[in-house]
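Engineer: I'd like to ask you about the structure that follows.
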Amino acid sequence: MKKASVKEVVGRLTADPEISRNIVHHEMVKGKAASYAPFPERLHSSIVKALDKRGIQQLYSHQREAFDLATAHNSITAVTPTASGKSLCYHLPVLQSILEDDSSRALYLFPTKALAQDQLADLHSLIEASEETILSYTYDGDTAPGLRTKVRKSGHIVLTNPDMLHSGILPHHTKWVSLFENLKYIIIDELHTYKGVFGSHVAHVLRRLKRICNYYGSNPVFICTSATIANPKELAEALTNSPMQLITNNGAPSGVKHFIFYNPPVVHKTFGIRRSAILEVRDIASFLYREGIQTIIFAKSRVRVEMLVTYMKELTKKKLFDTTIMGYRGGYLPSERRVIEKRLRDGDIKTVVSTNALELGIDIGQLQACIMTGYPGNIASAFQQAGRAGRRQDDALIIYVAQSMALDQYIIQNPDYLLGQTPEEARIHPDNMLILMDHLKCASFELPFTMTEMYGEFEVQELLAYLESEGILVKTSDKWHWMTDRFPASEISLRSASQENVVIIDKSIPKGTVVIGEMDRYSAMTLLHEEAIYIHQGKQYQVELLDWEEKKAYVREVDVDYYTDANLAVELKVMSEDEIYTLGEAEVAYGDIAVLAIPTIFKKIRFDSHDNIGSGPISLPAEELHTTSTWYSFNTPGGWKESDLTDALTGAAYAIQSFIPLFVRCDRSDIHVVPQVKAVHTEKPTIFIYDSYPGGIGLSEKIFTRWSELLKMAAQHVKGCRCENGCPVCIGAQEEGIRVKQDVLSLLRALNGGQNDVV
């Protein structure tokens, strides 16, 4: 049977009355022709030969610009879309320097091990085609001990990740002398992923790297590549503490892109509740599967990925061992992910359901369609996901399926927000004192500090004196020396999640047990508690035992018609008030808080209908987080009962939470809103907004001075919603007949100083 083209499928979708009535907007973005530049005259003949074997007789304009700037010793940041040949922006200058001088070295940094492995394969094929001897290796936790010495001594190009650089290379720099003495280039791929707490940590790893390079007498050039973000030059300079030249003129061609904005039908008019986005995505993806369109579906959680895989596999249940539909997410074993990536490239997998793990530049070939299950959280991620379809000059279909939540509904009604806006800024905070002190310890362990030395852009002599008073450093006549027997890098995780993952062990196998996956500790609290249903590639497993001390979850395969979802209770305690001002009769503050997260109960939810069919308790210890927060405290409005105020505060907090990502351009998961009818420290009704990461990353600080604008925007949105009593689009789901919406509006008016023009 002849497979349909993307253009034909778009025609069928828009002509089908069942589907077309839910299509809110269809936009066709024109493709563009390539912009080329000739090879540089000085480009080594072996590189020209290798490119020729790949069918490349000229470069895209951005690749040529990158080569010219980098070989003239300028650090650069190249920002072009997915599949625009960014890797040649760094491969060409690096290979050129090694072919000109065999002692030259380069260090490639990728945010994940999977990306490093993927790029190694691409690099090897290029080197092989050049017929030159250039040694390139990955160096990570999977590198065999016997190979490590060879990598350190003779690797021309070392591919690694920030975590390995932080704990496995920099603390042992004396074993890497040939690398650091001759380091010409440092490559930072997927620059846009280095934001928030992870980016702030990596900024310090790079400052430590530069300090060691300086010690060995090298001054490497940075080459950064990124997907589209609003502030690439600023981010690259903050990350590397080096001046950057920016390349944004993309010379790569692109095909026509069809953007379809799809809003599931309303199934409950009073509440404004729409049919589940998961079920709508299942139906659309099933149609594309039958039409032979290779599709990637993005879902926002592991549970949703596995639910969609389970639903989609109904299409192939009569075919034994059919693997044309697969899931892909964090927690799968690396070997399983490599197999899925290869089979996607080969075209064997027709539909893949993924978390944002496949947003990054892992080569999975040319997919034809992308379905987003809800708004990914920010515009940059949406562009990355859309870029997975129609790579190079092929047509592409991108379908955005909205959920019944405020942010999704705002975007479905305002398509230009997604299509016409620039992506968010990516921000880091290297001056976060917790992160700075962690890496100052690591830097002190690596090399002693002199009495006049700065650490990057930071004056640190007072901080070094503090570390001396703590017995960590010792001061001699001219230097600060490390003096404890601790190894500081091993105690610091660069990512917000704990380094201690919970291993998932399948007990179903008759002869022994097998590890089928892993999960970070924080997620395990709600997904791997006892009696939880854990889903892996469409198979269901029930957790029989969670050994919290040993970080092991024992599961057994089951066949049930439900999945589980768990609740976290949150307790807040104000640690310090750093700033404060009055807003009308309210008090606005900013400072440090401690957040205690406690898993409480789990629900059993039936597949297809999504009915709640039971619940049970969770018995696990609380997790504590210290972070920054802003809070808004006010007096209870006259005549309000506590129960009414509780419901109104909950609804107002929901509306505020929905609009913060538009307000400070962050991901929804980066920040939390928690209302309290009677806050512990003031005994007043209070709305807390806090950063999701230890020590904070500056988001709540931005909101501290803009509460009035935020409350006004939330109030206008609630009033403008077409529901009667409140719904998931404005203030969250409400019980039938209870008119909380008017109370929320009254409360928001009161919080805005009684301004009627607000609502």
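All residue names refer to the structure tokens as shown: chains lettered A, B, ... in order, residues numbered from 1 in each chain, ligands numbered from 1 in order.
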I want to know what sits within 9 Å of Ala106 in chain A, based on only C-alpha atoms, with residues of the same chain fewer than 4 positions away left out; could you give that as a count of residues only?
Structural biologist: 15
Engineer: Please build the interface table for range 613-699 of chain A against range 508-528 of chain A with a cut-off of 9 Å, listing for each qualifying residue the nearest atom pair and the distance in Å to one decimal; count only C-alpha atoms, order rows by chain and increasing number, and write it as a tab-separated table.
Structural biologist:
```
residue	atom	partner	partner_atom	distance
A:Ile618	CA	A:Thr526	CA	8.6
A:Leu620	CA	A:Met525	CA	7.3
A:Pro621	CA	A:Met525	CA	9.0
A:Glu623	CA	A:Tyr522	CA	7.8
```
Engineer: Let me see the file: selected residues, N, CA and C atoms, as a PDB file, in the first residue's frame.
Structural biologist:
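In the end it all went to part-v7.pdb:
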```pdb
ATOM      1  N   ILE A 618       0.444   6.399  51.518  1.00  0.00           N
ATOM      2  CA  ILE A 618       1.873   6.212  51.217  1.00  0.00           C
ATOM      3  C   ILE A 618       2.652   6.487  52.500  1.00  0.00           C
ATOM      4  N   LEU A 620       6.237   7.198  53.458  1.00  0.00           N
ATOM      5  CA  LEU A 620       7.625   7.500  53.112  1.00  0.00           C
ATOM      6  C   LEU A 620       8.066   8.751  53.870  1.00  0.00           C
ATOM      7  N   PRO A 621       9.362   8.912  54.140  1.00  0.00           N
ATOM      8  CA  PRO A 621       9.830  10.110  54.840  1.00  0.00           C
ATOM      9  C   PRO A 621       9.725  11.354  53.960  1.00  0.00           C
ATOM     10  N   GLU A 623      10.894  14.927  52.158  1.00  0.00           N
ATOM     11  CA  GLU A 623      12.099  15.491  51.537  1.00  0.00           C
ATOM     12  C   GLU A 623      12.105  16.989  51.813  1.00  0.00           C
TER      13      GLU A 623
END
```
Engineer: Report, in Å to a single decimal, how far apart CA of Tyr289 in chain A and CA of Ile412 in chain A are.
Structural biologist: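 A separation of 24.7 Å between them.
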Engineer: Choose the residue, out of A:Asp394, A:Glu470, A:Asp478, A:Asp743, that has the smallest atom-to-atom separation from Pro448 in chain A; count only C-alpha atoms.
Structural biologist: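 Checking each candidate against Pro448 in chain A, we get A:Asp478 as the closest.
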Engineer: What's around Gly292 in chain A at 10 Å? Count only C-alpha atoms, leave out sequence neighbours fewer than 2 positions away in its own chain, and write the answer as a PyMOL selection string.
Structural biologist: chain A and resi 1-6+9+286-290+294-295+350-351+368
Engineer: Take the residues from that selection and write them out as a PDB file, in the first residue's frame, keeping N, CA and C atoms.
Structural biologist:
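Generated file (result-v7.pdb):
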```
ATOM      1  N   MET A   1       0.837  -1.197   0.000  1.00  0.00           N
ATOM      2  CA  MET A   1       0.000   0.000   0.000  1.00  0.00           C
ATOM      3  C   MET A   1       0.871   1.245   0.000  1.00  0.00           C
ATOM      4  N   LYS A   2       0.532   2.208  -0.882  1.00  0.00           N
ATOM      5  CA  LYS A   2       1.321   3.429  -0.990  1.00  0.00           C
ATOM      6  C   LYS A   2       1.115   4.288   0.263  1.00  0.00           C
ATOM      7  N   LYS A   3       2.229   4.778   0.821  1.00  0.00           N
ATOM      8  CA  LYS A   3       2.138   5.628   2.003  1.00  0.00           C
ATOM      9  C   LYS A   3       1.707   7.030   1.599  1.00  0.00           C
ATOM     10  N   ALA A   4       0.906   7.654   2.444  1.00  0.00           N
ATOM     11  CA  ALA A   4       0.448   9.015   2.166  1.00  0.00           C
ATOM     12  C   ALA A   4       1.575  10.006   2.435  1.00  0.00           C
ATOM     13  N   SER A   5       1.543  11.135   1.735  1.00  0.00           N
ATOM     14  CA  SER A   5       2.491  12.219   2.011  1.00  0.00           C
ATOM     15  C   SER A   5       1.925  13.083   3.130  1.00  0.00           C
ATOM     16  N   VAL A   6       2.766  13.919   3.725  1.00  0.00           N
ATOM     17  CA  VAL A   6       2.303  14.822   4.782  1.00  0.00           C
ATOM     18  C   VAL A   6       1.212  15.744   4.244  1.00  0.00           C
ATOM     19  N   VAL A   9      -2.070  13.922   4.058  1.00  0.00           N
ATOM     20  CA  VAL A   9      -2.609  13.658   5.398  1.00  0.00           C
ATOM     21  C   VAL A   9      -3.213  14.921   5.995  1.00  0.00           C
ATOM     22  N   SER A 286      -3.087   7.343  16.056  1.00  0.00           N
ATOM     23  CA  SER A 286      -3.523   6.089  15.429  1.00  0.00           C
ATOM     24  C   SER A 286      -3.830   6.321  13.951  1.00  0.00           C
ATOM     25  N   PHE A 287      -4.464   7.461  13.649  1.00  0.00           N
ATOM     26  CA  PHE A 287      -4.758   7.817  12.255  1.00  0.00           C
ATOM     27  C   PHE A 287      -3.447   7.962  11.467  1.00  0.00           C
ATOM     28  N   LEU A 288      -2.465   8.675  12.036  1.00  0.00           N
ATOM     29  CA  LEU A 288      -1.179   8.874  11.348  1.00  0.00           C
ATOM     30  C   LEU A 288      -0.443   7.545  11.177  1.00  0.00           C
ATOM     31  N   TYR A 289      -0.547   6.663  12.169  1.00  0.00           N
ATOM     32  CA  TYR A 289       0.106   5.345  12.094  1.00  0.00           C
ATOM     33  C   TYR A 289      -0.462   4.548  10.919  1.00  0.00           C
ATOM     34  N   ARG A 290      -1.801   4.551  10.799  1.00  0.00           N
ATOM     35  CA  ARG A 290      -2.444   3.803   9.712  1.00  0.00           C
ATOM     36  C   ARG A 290      -2.113   4.394   8.345  1.00  0.00           C
ATOM     37  N   GLN A 294       5.578   8.498   9.864  1.00  0.00           N
ATOM     38  CA  GLN A 294       6.444   8.266  11.032  1.00  0.00           C
ATOM     39  C   GLN A 294       6.318   9.463  11.976  1.00  0.00           C
ATOM     40  N   THR A 295       5.925   9.181  13.200  1.00  0.00           N
ATOM     41  CA  THR A 295       5.488  10.235  14.129  1.00  0.00           C
ATOM     42  C   THR A 295       6.211  10.148  15.457  1.00  0.00           C
ATOM     43  N   LYS A 350       7.617   3.184  13.763  1.00  0.00           N
ATOM     44  CA  LYS A 350       6.714   4.111  13.078  1.00  0.00           C
ATOM     45  C   LYS A 350       6.195   5.208  14.009  1.00  0.00           C
ATOM     46  N   THR A 351       6.038   4.861  15.290  1.00  0.00           N
ATOM     47  CA  THR A 351       5.564   5.847  16.268  1.00  0.00           C
ATOM     48  C   THR A 351       6.399   5.714  17.530  1.00  0.00           C
ATOM     49  N   GLN A 368       8.274  12.513  10.189  1.00  0.00           N
ATOM     50  CA  GLN A 368       7.385  13.341   9.375  1.00  0.00           C
ATOM     51  C   GLN A 368       6.413  14.183  10.200  1.00  0.00           C
TER      52      GLN A 368
END
```
Engineer: So that I can check the surroundings of range 415-426 of chain A, please list as a count of residues only every protein, DNA and RNA residue that reaches within 6 Å of it, counting only C-alpha atoms and ignoring chain neighbours fewer than 3 positions away.
Structural biologist: 9
